[in-house]
Structures are given as C-alpha cells and as structure tokens.
Amino acid sequence: MNKDINVLYQFTDSPEGSNYKVLQLFSDEGPLPEKLINSVLRSFDEKTGGDIQFTSIEQLGRFCIELLKESSGAEAFLLSVQDYNIGLESCNNTESFKELFRRYGTSIQNPDSNIKKNSLLSKIFN
C-alpha cells in the first residue's frame with residue numbers, strides 16, 4: 001500500500017471507563033482492507049463487540065503503528081470527531097478536505113519507515 005493512513009475516532013467517557021472508538025480507517029486509495037484490519041486486531045486483547053475500540057489513546061496509537069508496519073505505510077493521522085468537525089468548517093474545496101487530517105490530526109510515524117519526522121506521539125509510541 002505504502003500510503004498514509006487516516007483514522008477518525010470518537011472519544012467517550014462513561015462510568016464504565018474511557019473509550020476510543022475508531023469510526024473510519026482509510027488512505028488516499030479508499031477504505032483499508034478488512035483483511036489487514038482484522039490481521040492487526042488479532043494481536044490486541046480488547047473485546048470490542050464488533051467495533052474497533054481501545055481503552056487508551058496509547059493503545060490506539062500502537063494499533064496505528066501495527067497497521068503502518070503491515071501496510072508499509074509511512075504515517076498515520078489520528079483525528080477526533082470534534083477536531084474533524086472544526087476542521088471541516090474551514091474546508092472550501094476537495095484539496096482542503098484532503099489536507100484535513102494532516103492539518104488537524106496527530107501524526108504517528110511508522111518506525112520502520114525511511115521517512116522520519118519529529119512527532120510527539122511517535123516519540124511516545126516508539
């Protein structure tokens with residue numbers, strides 16, 4: 001694949017605990033293949049009831065790193081629903097929409113990639 005991955009997630013906080021639910025996983029080529037997603041999910045112990053969800057942002061980040069490794073992607077961009085909605089208001093054409101995740105999302109680098117950038121989350125997750 002060798003493409004960047006965009007991840008749209010929703011954070012919820014309830015008496016049962018915090019939850020980071022993945023709503024969309026896609027690249028410039030479209031949705032990520034189910035086979036790839038399921039392959040990576042098998043290495044996580046989360047019981048999700050059919051949804052892709054994690055109890056911490058760190059677990060979500062580790063999931064993204066594993067997706068990047070499996071797909072040979074260089075970078076993942078995590079964006080919450082709240083930030084997505086804020087960024088969406090500033091979009092006035094297709095190009096600005098495509099840049100939404102890069103501009104407002106949190107970058108996670110593939111540690112196996114040749115492309116290295118300084119990113120706070122990549123330092124945390126590596």
# chains A, B, ... in the order shown; residues from 1 in each chain; ligands from 1
call {"tool": "closest_atom_pairs", "arguments": {"of": "range 53-97 of chain A", "to": "range 25-44 of chain A", "cutoff": "9 Å", "atoms": "only C-alpha atoms", "output": "JSON lines"}}
result
{"residue": "A:Gln59", "atom": "CA", "partner": "A:Phe44", "partner_atom": "CA", "distance": 8.7}
{"residue": "A:Phe63", "atom": "CA", "partner": "A:Val40", "partner_atom": "CA", "distance": 7.2}
{"residue": "A:Glu66", "atom": "CA", "partner": "A:Val40", "partner_atom": "CA", "distance": 6.4}
{"residue": "A:Leu67", "atom": "CA", "partner": "A:Val40", "partner_atom": "CA", "distance": 6.4}
{"residue": "A:Glu70", "atom": "CA", "partner": "A:Leu36", "partner_atom": "CA", "distance": 7.4}
{"residue": "A:Ser71", "atom": "CA", "partner": "A:Leu36", "partner_atom": "CA", "distance": 7.6}
call {"tool": "select_by_dssp", "arguments": {"residues": "chain A", "states": "strand (DSSP E or B)", "output": "JSON, numbers by chain"}}
result
{"A": [5, 6, 7, 8, 9, 10, 11, 12, 13, 14, 17, 18, 19, 20, 21, 22, 23, 24, 25, 26, 27, 30, 31, 53, 54, 75, 76, 77, 78, 79, 80, 106, 107, 108, 109]}
call {"tool": "closest_residue", "arguments": {"among": "A:Ser113, A:Ser107, A:Gln24, A:Thr12", "to": "Leu78 in chain A", "atoms": "only C-alpha atoms"}}
result
A:Ser107
call {"tool": "atom_distance", "arguments": {"atom1": "CA of Asn92 in chain A", "atom2": "CA of Ile108 in chain A"}}
result
26.4 Å
call {"tool": "atom_distance", "arguments": {"atom1": "CA of Asp4 in chain A", "atom2": "CA of Phe97 in chain A"}}
result
15.0 Å
call {"tool": "closest_residue", "arguments": {"among": "A:Val7, A:Cys64, A:Ala76, A:Val22", "to": "Asp51 in chain A", "atoms": "only C-alpha atoms"}}
result
A:Val22
call {"tool": "closest_residue", "arguments": {"among": "A:Lys69, A:Leu88, A:Phe77, A:Lys21", "to": "Gly50 in chain A", "atoms": "only C-alpha atoms"}}
result
A:Lys21
call {"tool": "closest_residue", "arguments": {"among": "A:Phe54, A:Tyr20, A:Tyr84, A:Phe101", "to": "Asn6 in chain A", "atoms": "only C-alpha atoms"}}
result
A:Phe101
call {"tool": "select_by_dssp", "arguments": {"residues": "chain A", "states": "alpha helix (DSSP H)", "output": "PDB file with N, CA and C atoms, in the first residue's frame"}}
result
ATOM      1  N   GLU A  34     -10.390  -5.017   4.972  1.00  0.00           N
ATOM      2  CA  GLU A  34     -10.825  -5.715   6.190  1.00  0.00           C
ATOM      3  C   GLU A  34      -9.798  -6.737   6.643  1.00  0.00           C
ATOM      4  N   LYS A  35      -9.208  -7.430   5.682  1.00  0.00           N
ATOM      5  CA  LYS A  35      -8.218  -8.468   5.994  1.00  0.00           C
ATOM      6  C   LYS A  35      -7.038  -7.873   6.766  1.00  0.00           C
ATOM      7  N   LEU A  36      -6.561  -6.703   6.342  1.00  0.00           N
ATOM      8  CA  LEU A  36      -5.459  -6.019   7.024  1.00  0.00           C
ATOM      9  C   LEU A  36      -5.869  -5.616   8.427  1.00  0.00           C
ATOM     10  N   ILE A  37      -7.030  -5.015   8.563  1.00  0.00           N
ATOM     11  CA  ILE A  37      -7.507  -4.539   9.867  1.00  0.00           C
ATOM     12  C   ILE A  37      -7.665  -5.721  10.823  1.00  0.00           C
ATOM     13  N   ASN A  38      -8.316  -6.777  10.379  1.00  0.00           N
ATOM     14  CA  ASN A  38      -8.533  -7.946  11.236  1.00  0.00           C
ATOM     15  C   ASN A  38      -7.231  -8.626  11.622  1.00  0.00           C
ATOM     16  N   SER A  39      -6.277  -8.649  10.709  1.00  0.00           N
ATOM     17  CA  SER A  39      -4.973  -9.239  10.989  1.00  0.00           C
ATOM     18  C   SER A  39      -4.288  -8.499  12.137  1.00  0.00           C
ATOM     19  N   VAL A  40      -4.339  -7.183  12.105  1.00  0.00           N
ATOM     20  CA  VAL A  40      -3.698  -6.378  13.151  1.00  0.00           C
ATOM     21  C   VAL A  40      -4.492  -6.467  14.456  1.00  0.00           C
ATOM     22  N   LEU A  41      -5.813  -6.473  14.369  1.00  0.00           N
ATOM     23  CA  LEU A  41      -6.645  -6.537  15.574  1.00  0.00           C
ATOM     24  C   LEU A  41      -6.413  -7.813  16.380  1.00  0.00           C
ATOM     25  N   ILE A  57      -5.594   6.151  24.471  1.00  0.00           N
ATOM     26  CA  ILE A  57      -5.067   6.715  23.226  1.00  0.00           C
ATOM     27  C   ILE A  57      -3.751   6.029  22.862  1.00  0.00           C
ATOM     28  N   GLU A  58      -3.028   5.554  23.877  1.00  0.00           N
ATOM     29  CA  GLU A  58      -1.773   4.847  23.619  1.00  0.00           C
ATOM     30  C   GLU A  58      -2.027   3.540  22.877  1.00  0.00           C
ATOM     31  N   GLN A  59      -3.078   2.813  23.283  1.00  0.00           N
ATOM     32  CA  GLN A  59      -3.431   1.573  22.587  1.00  0.00           C
ATOM     33  C   GLN A  59      -3.851   1.863  21.152  1.00  0.00           C
ATOM     34  N   LEU A  60      -4.608   2.917  20.950  1.00  0.00           N
ATOM     35  CA  LEU A  60      -4.992   3.311  19.594  1.00  0.00           C
ATOM     36  C   LEU A  60      -3.748   3.631  18.775  1.00  0.00           C
ATOM     37  N   GLY A  61      -2.797   4.312  19.377  1.00  0.00           N
ATOM     38  CA  GLY A  61      -1.541   4.623  18.695  1.00  0.00           C
ATOM     39  C   GLY A  61      -0.753   3.380  18.324  1.00  0.00           C
ATOM     40  N   ARG A  62      -0.691   2.420  19.230  1.00  0.00           N
ATOM     41  CA  ARG A  62       0.007   1.162  18.935  1.00  0.00           C
ATOM     42  C   ARG A  62      -0.688   0.403  17.801  1.00  0.00           C
ATOM     43  N   PHE A  63      -2.005   0.429  17.799  1.00  0.00           N
ATOM     44  CA  PHE A  63      -2.770  -0.187  16.718  1.00  0.00           C
ATOM     45  C   PHE A  63      -2.400   0.464  15.380  1.00  0.00           C
ATOM     46  N   CYS A  64      -2.301   1.785  15.357  1.00  0.00           N
ATOM     47  CA  CYS A  64      -1.939   2.502  14.131  1.00  0.00           C
ATOM     48  C   CYS A  64      -0.528   2.152  13.676  1.00  0.00           C
ATOM     49  N   ILE A  65       0.392   2.036  14.614  1.00  0.00           N
ATOM     50  CA  ILE A  65       1.759   1.666  14.255  1.00  0.00           C
ATOM     51  C   ILE A  65       1.775   0.285  13.623  1.00  0.00           C
ATOM     52  N   GLU A  66       1.030  -0.661  14.191  1.00  0.00           N
ATOM     53  CA  GLU A  66       0.973  -2.006  13.614  1.00  0.00           C
ATOM     54  C   GLU A  66       0.331  -1.981  12.227  1.00  0.00           C
ATOM     55  N   LEU A  67      -0.703  -1.159  12.033  1.00  0.00           N
ATOM     56  CA  LEU A  67      -1.294  -1.008  10.700  1.00  0.00           C
ATOM     57  C   LEU A  67      -0.265  -0.486   9.708  1.00  0.00           C
ATOM     58  N   LEU A  68       0.507   0.503  10.134  1.00  0.00           N
ATOM     59  CA  LEU A  68       1.539   1.079   9.270  1.00  0.00           C
ATOM     60  C   LEU A  68       2.583   0.037   8.903  1.00  0.00           C
ATOM     61  N   LYS A  69       3.011  -0.745   9.871  1.00  0.00           N
ATOM     62  CA  LYS A  69       4.013  -1.780   9.608  1.00  0.00           C
ATOM     63  C   LYS A  69       3.479  -2.817   8.623  1.00  0.00           C
ATOM     64  N   GLU A  70       2.245  -3.275   8.845  1.00  0.00           N
ATOM     65  CA  GLU A  70       1.653  -4.304   7.984  1.00  0.00           C
ATOM     66  C   GLU A  70       1.387  -3.807   6.565  1.00  0.00           C
ATOM     67  N   SER A  71       1.075  -2.525   6.437  1.00  0.00           N
ATOM     68  CA  SER A  71       0.718  -1.976   5.125  1.00  0.00           C
ATOM     69  C   SER A  71       1.879  -1.253   4.454  1.00  0.00           C
ATOM     70  N   VAL A  81     -13.454  13.188  16.332  1.00  0.00           N
ATOM     71  CA  VAL A  81     -14.661  13.692  15.678  1.00  0.00           C
ATOM     72  C   VAL A  81     -14.804  15.192  15.915  1.00  0.00           C
ATOM     73  N   GLN A  82     -14.492  15.657  17.140  1.00  0.00           N
ATOM     74  CA  GLN A  82     -14.605  17.076  17.447  1.00  0.00           C
ATOM     75  C   GLN A  82     -13.667  17.904  16.573  1.00  0.00           C
ATOM     76  N   ASP A  83     -12.416  17.475  16.448  1.00  0.00           N
ATOM     77  CA  ASP A  83     -11.459  18.208  15.610  1.00  0.00           C
ATOM     78  C   ASP A  83     -11.821  18.111  14.140  1.00  0.00           C
ATOM     79  N   TYR A  84     -12.355  16.973  13.734  1.00  0.00           N
ATOM     80  CA  TYR A  84     -12.815  16.797  12.348  1.00  0.00           C
ATOM     81  C   TYR A  84     -13.895  17.821  12.020  1.00  0.00           C
ATOM     82  N   ASN A  85     -14.862  17.965  12.915  1.00  0.00           N
ATOM     83  CA  ASN A  85     -15.953  18.911  12.675  1.00  0.00           C
ATOM     84  C   ASN A  85     -15.454  20.350  12.624  1.00  0.00           C
ATOM     85  N   ILE A  86     -14.506  20.693  13.483  1.00  0.00           N
ATOM     86  CA  ILE A  86     -13.927  22.035  13.462  1.00  0.00           C
ATOM     87  C   ILE A  86     -13.182  22.254  12.142  1.00  0.00           C
ATOM     88  N   GLY A  87     -12.370  21.299  11.749  1.00  0.00           N
ATOM     89  CA  GLY A  87     -11.612  21.419  10.503  1.00  0.00           C
ATOM     90  C   GLY A  87     -12.493  21.439   9.279  1.00  0.00           C
ATOM     91  N   LEU A  88     -13.575  20.689   9.330  1.00  0.00           N
ATOM     92  CA  LEU A  88     -14.489  20.610   8.190  1.00  0.00           C
ATOM     93  C   LEU A  88     -15.090  21.967   7.853  1.00  0.00           C
ATOM     94  N   GLU A  89     -15.290  22.784   8.871  1.00  0.00           N
ATOM     95  CA  GLU A  89     -15.844  24.125   8.650  1.00  0.00           C
ATOM     96  C   GLU A  89     -14.911  24.988   7.804  1.00  0.00           C
ATOM     97  N   THR A  94     -11.980  20.353  -2.506  1.00  0.00           N
ATOM     98  CA  THR A  94     -11.529  18.975  -2.329  1.00  0.00           C
ATOM     99  C   THR A  94     -10.122  18.916  -1.746  1.00  0.00           C
ATOM    100  N   GLU A  95      -9.238  19.786  -2.184  1.00  0.00           N
ATOM    101  CA  GLU A  95      -7.852  19.764  -1.693  1.00  0.00           C
ATOM    102  C   GLU A  95      -7.775  20.083  -0.204  1.00  0.00           C
ATOM    103  N   SER A  96      -8.543  21.062   0.252  1.00  0.00           N
ATOM    104  CA  SER A  96      -8.506  21.383   1.680  1.00  0.00           C
ATOM    105  C   SER A  96      -9.106  20.249   2.503  1.00  0.00           C
ATOM    106  N   PHE A  97     -10.087  19.532   1.941  1.00  0.00           N
ATOM    107  CA  PHE A  97     -10.630  18.379   2.638  1.00  0.00           C
ATOM    108  C   PHE A  97      -9.581  17.272   2.750  1.00  0.00           C
ATOM    109  N   LYS A  98      -8.817  17.042   1.678  1.00  0.00           N
ATOM    110  CA  LYS A  98      -7.772  16.015   1.701  1.00  0.00           C
ATOM    111  C   LYS A  98      -6.689  16.322   2.739  1.00  0.00           C
ATOM    112  N   LEU A 100      -7.213  17.851   5.595  1.00  0.00           N
ATOM    113  CA  LEU A 100      -7.837  17.973   6.907  1.00  0.00           C
ATOM    114  C   LEU A 100      -7.119  17.143   7.976  1.00  0.00           C
ATOM    115  N   PHE A 101      -6.838  15.882   7.674  1.00  0.00           N
ATOM    116  CA  PHE A 101      -6.193  15.012   8.658  1.00  0.00           C
ATOM    117  C   PHE A 101      -4.750  15.437   8.913  1.00  0.00           C
ATOM    118  N   ARG A 102      -4.054  15.888   7.881  1.00  0.00           N
ATOM    119  CA  ARG A 102      -2.669  16.356   8.059  1.00  0.00           C
ATOM    120  C   ARG A 102      -2.619  17.630   8.891  1.00  0.00           C
ATOM    121  N   ARG A 103      -3.551  18.516   8.651  1.00  0.00           N
ATOM    122  CA  ARG A 103      -3.541  19.810   9.316  1.00  0.00           C
ATOM    123  C   ARG A 103      -3.980  19.707  10.776  1.00  0.00           C
ATOM    124  N   TYR A 104      -5.039  18.949  11.042  1.00  0.00           N
ATOM    125  CA  TYR A 104      -5.618  18.914  12.377  1.00  0.00           C
ATOM    126  C   TYR A 104      -5.341  17.613  13.141  1.00  0.00           C
ATOM    127  N   LEU A 120       5.424  14.263  18.589  1.00  0.00           N
ATOM    128  CA  LEU A 120       5.301  13.945  19.998  1.00  0.00           C
ATOM    129  C   LEU A 120       4.798  12.522  20.206  1.00  0.00           C
ATOM    130  N   LEU A 121       3.739  12.139  19.489  1.00  0.00           N
ATOM    131  CA  LEU A 121       3.189  10.802  19.685  1.00  0.00           C
ATOM    132  C   LEU A 121       4.133   9.728  19.170  1.00  0.00           C
ATOM    133  N   SER A 122       4.881  10.017  18.102  1.00  0.00           N
ATOM    134  CA  SER A 122       5.812   8.986  17.627  1.00  0.00           C
ATOM    135  C   SER A 122       6.903   8.738  18.652  1.00  0.00           C
ATOM    136  N   LYS A 123       7.264   9.758  19.429  1.00  0.00           N
ATOM    137  CA  LYS A 123       8.247   9.566  20.497  1.00  0.00           C
ATOM    138  C   LYS A 123       7.646   8.750  21.635  1.00  0.00           C
ATOM    139  N   ILE A 124       6.372   8.958  21.906  1.00  0.00           N
ATOM    140  CA  ILE A 124       5.703   8.228  22.982  1.00  0.00           C
ATOM    141  C   ILE A 124       5.543   6.766  22.605  1.00  0.00           C
ATOM    142  N   PHE A 125       5.139   6.491  21.346  1.00  0.00           N
ATOM    143  CA  PHE A 125       4.810   5.138  20.940  1.00  0.00           C
ATOM    144  C   PHE A 125       6.001   4.326  20.486  1.00  0.00           C
TER     145      PHE A 125
END
call {"tool": "atom_distance", "arguments": {"atom1": "CA of Ser90 in chain A", "atom2": "CA of Thr106 in chain A"}}
result
17.8 Å
call {"tool": "closest_residue", "arguments": {"among": "A:Ser56, A:Lys3, A:Ala74, A:Asn19", "to": "Pro111 in chain A", "atoms": "only C-alpha atoms"}}
result
A:Ala74
call {"tool": "closest_residue", "arguments": {"among": "A:Gly17, A:Cys91, A:Leu79, A:Gly73", "to": "Gly105 in chain A", "atoms": "only C-alpha atoms"}}
result
A:Leu79
call {"tool": "decode", "arguments": {"residues": "range 24-73 of chain A", "atoms": "C-alpha atoms", "output": "mmCIF file, in the first residue's frame"}}
result
data_model
loop_
_atom_site.group_PDB
_atom_site.id
_atom_site.type_symbol
_atom_site.label_atom_id
_atom_site.label_comp_id
_atom_site.auth_asym_id
_atom_site.auth_seq_id
_atom_site.Cartn_x
_atom_site.Cartn_y
_atom_site.Cartn_z
ATOM 1 C CA GLN A 24 -13.128 5.319 9.840
ATOM 2 C CA LEU A 25 -9.809 3.906 8.602
ATOM 3 C CA PHE A 26 -8.787 4.949 5.109
ATOM 4 C CA SER A 27 -5.983 6.091 2.826
ATOM 5 C CA ASP A 28 -5.964 8.059 -0.427
ATOM 6 C CA GLU A 29 -6.871 4.766 -2.106
ATOM 7 C CA GLY A 30 -10.046 4.364 -0.027
ATOM 8 C CA PRO A 31 -11.032 2.235 2.972
ATOM 9 C CA LEU A 32 -8.371 -0.066 4.399
ATOM 10 C CA PRO A 33 -8.890 -3.741 3.555
ATOM 11 C CA GLU A 34 -10.825 -5.715 6.190
ATOM 12 C CA LYS A 35 -8.218 -8.468 5.994
ATOM 13 C CA LEU A 36 -5.459 -6.019 7.024
ATOM 14 C CA ILE A 37 -7.507 -4.539 9.867
ATOM 15 C CA ASN A 38 -8.533 -7.946 11.236
ATOM 16 C CA SER A 39 -4.973 -9.239 10.989
ATOM 17 C CA VAL A 40 -3.698 -6.378 13.151
ATOM 18 C CA LEU A 41 -6.645 -6.537 15.574
ATOM 19 C CA ARG A 42 -5.828 -10.172 16.429
ATOM 20 C CA SER A 43 -2.728 -9.022 18.301
ATOM 21 C CA PHE A 44 -4.805 -6.850 20.666
ATOM 22 C CA ASP A 45 -6.700 -8.248 23.643
ATOM 23 C CA GLU A 46 -9.514 -5.714 23.512
ATOM 24 C CA LYS A 47 -13.017 -7.192 23.466
ATOM 25 C CA THR A 48 -14.793 -4.800 21.160
ATOM 26 C CA GLY A 49 -18.114 -6.410 20.336
ATOM 27 C CA GLY A 50 -17.514 -5.922 16.621
ATOM 28 C CA ASP A 51 -16.281 -2.332 16.909
ATOM 29 C CA ILE A 52 -12.665 -1.224 16.819
ATOM 30 C CA GLN A 53 -12.183 0.453 20.164
ATOM 31 C CA PHE A 54 -9.490 0.905 22.768
ATOM 32 C CA THR A 55 -9.373 1.990 26.382
ATOM 33 C CA SER A 56 -6.492 4.444 25.888
ATOM 34 C CA ILE A 57 -5.067 6.715 23.226
ATOM 35 C CA GLU A 58 -1.773 4.847 23.619
ATOM 36 C CA GLN A 59 -3.431 1.573 22.587
ATOM 37 C CA LEU A 60 -4.992 3.311 19.594
ATOM 38 C CA GLY A 61 -1.541 4.623 18.695
ATOM 39 C CA ARG A 62 0.007 1.162 18.935
ATOM 40 C CA PHE A 63 -2.770 -0.187 16.718
ATOM 41 C CA CYS A 64 -1.939 2.502 14.131
ATOM 42 C CA ILE A 65 1.759 1.666 14.255
ATOM 43 C CA GLU A 66 0.973 -2.006 13.614
ATOM 44 C CA LEU A 67 -1.294 -1.008 10.700
ATOM 45 C CA LEU A 68 1.539 1.079 9.270
ATOM 46 C CA LYS A 69 4.013 -1.780 9.608
ATOM 47 C CA GLU A 70 1.653 -4.304 7.984
ATOM 48 C CA SER A 71 0.718 -1.976 5.125
ATOM 49 C CA SER A 72 4.192 -0.418 4.644
ATOM 50 C CA GLY A 73 2.575 2.963 5.264
#
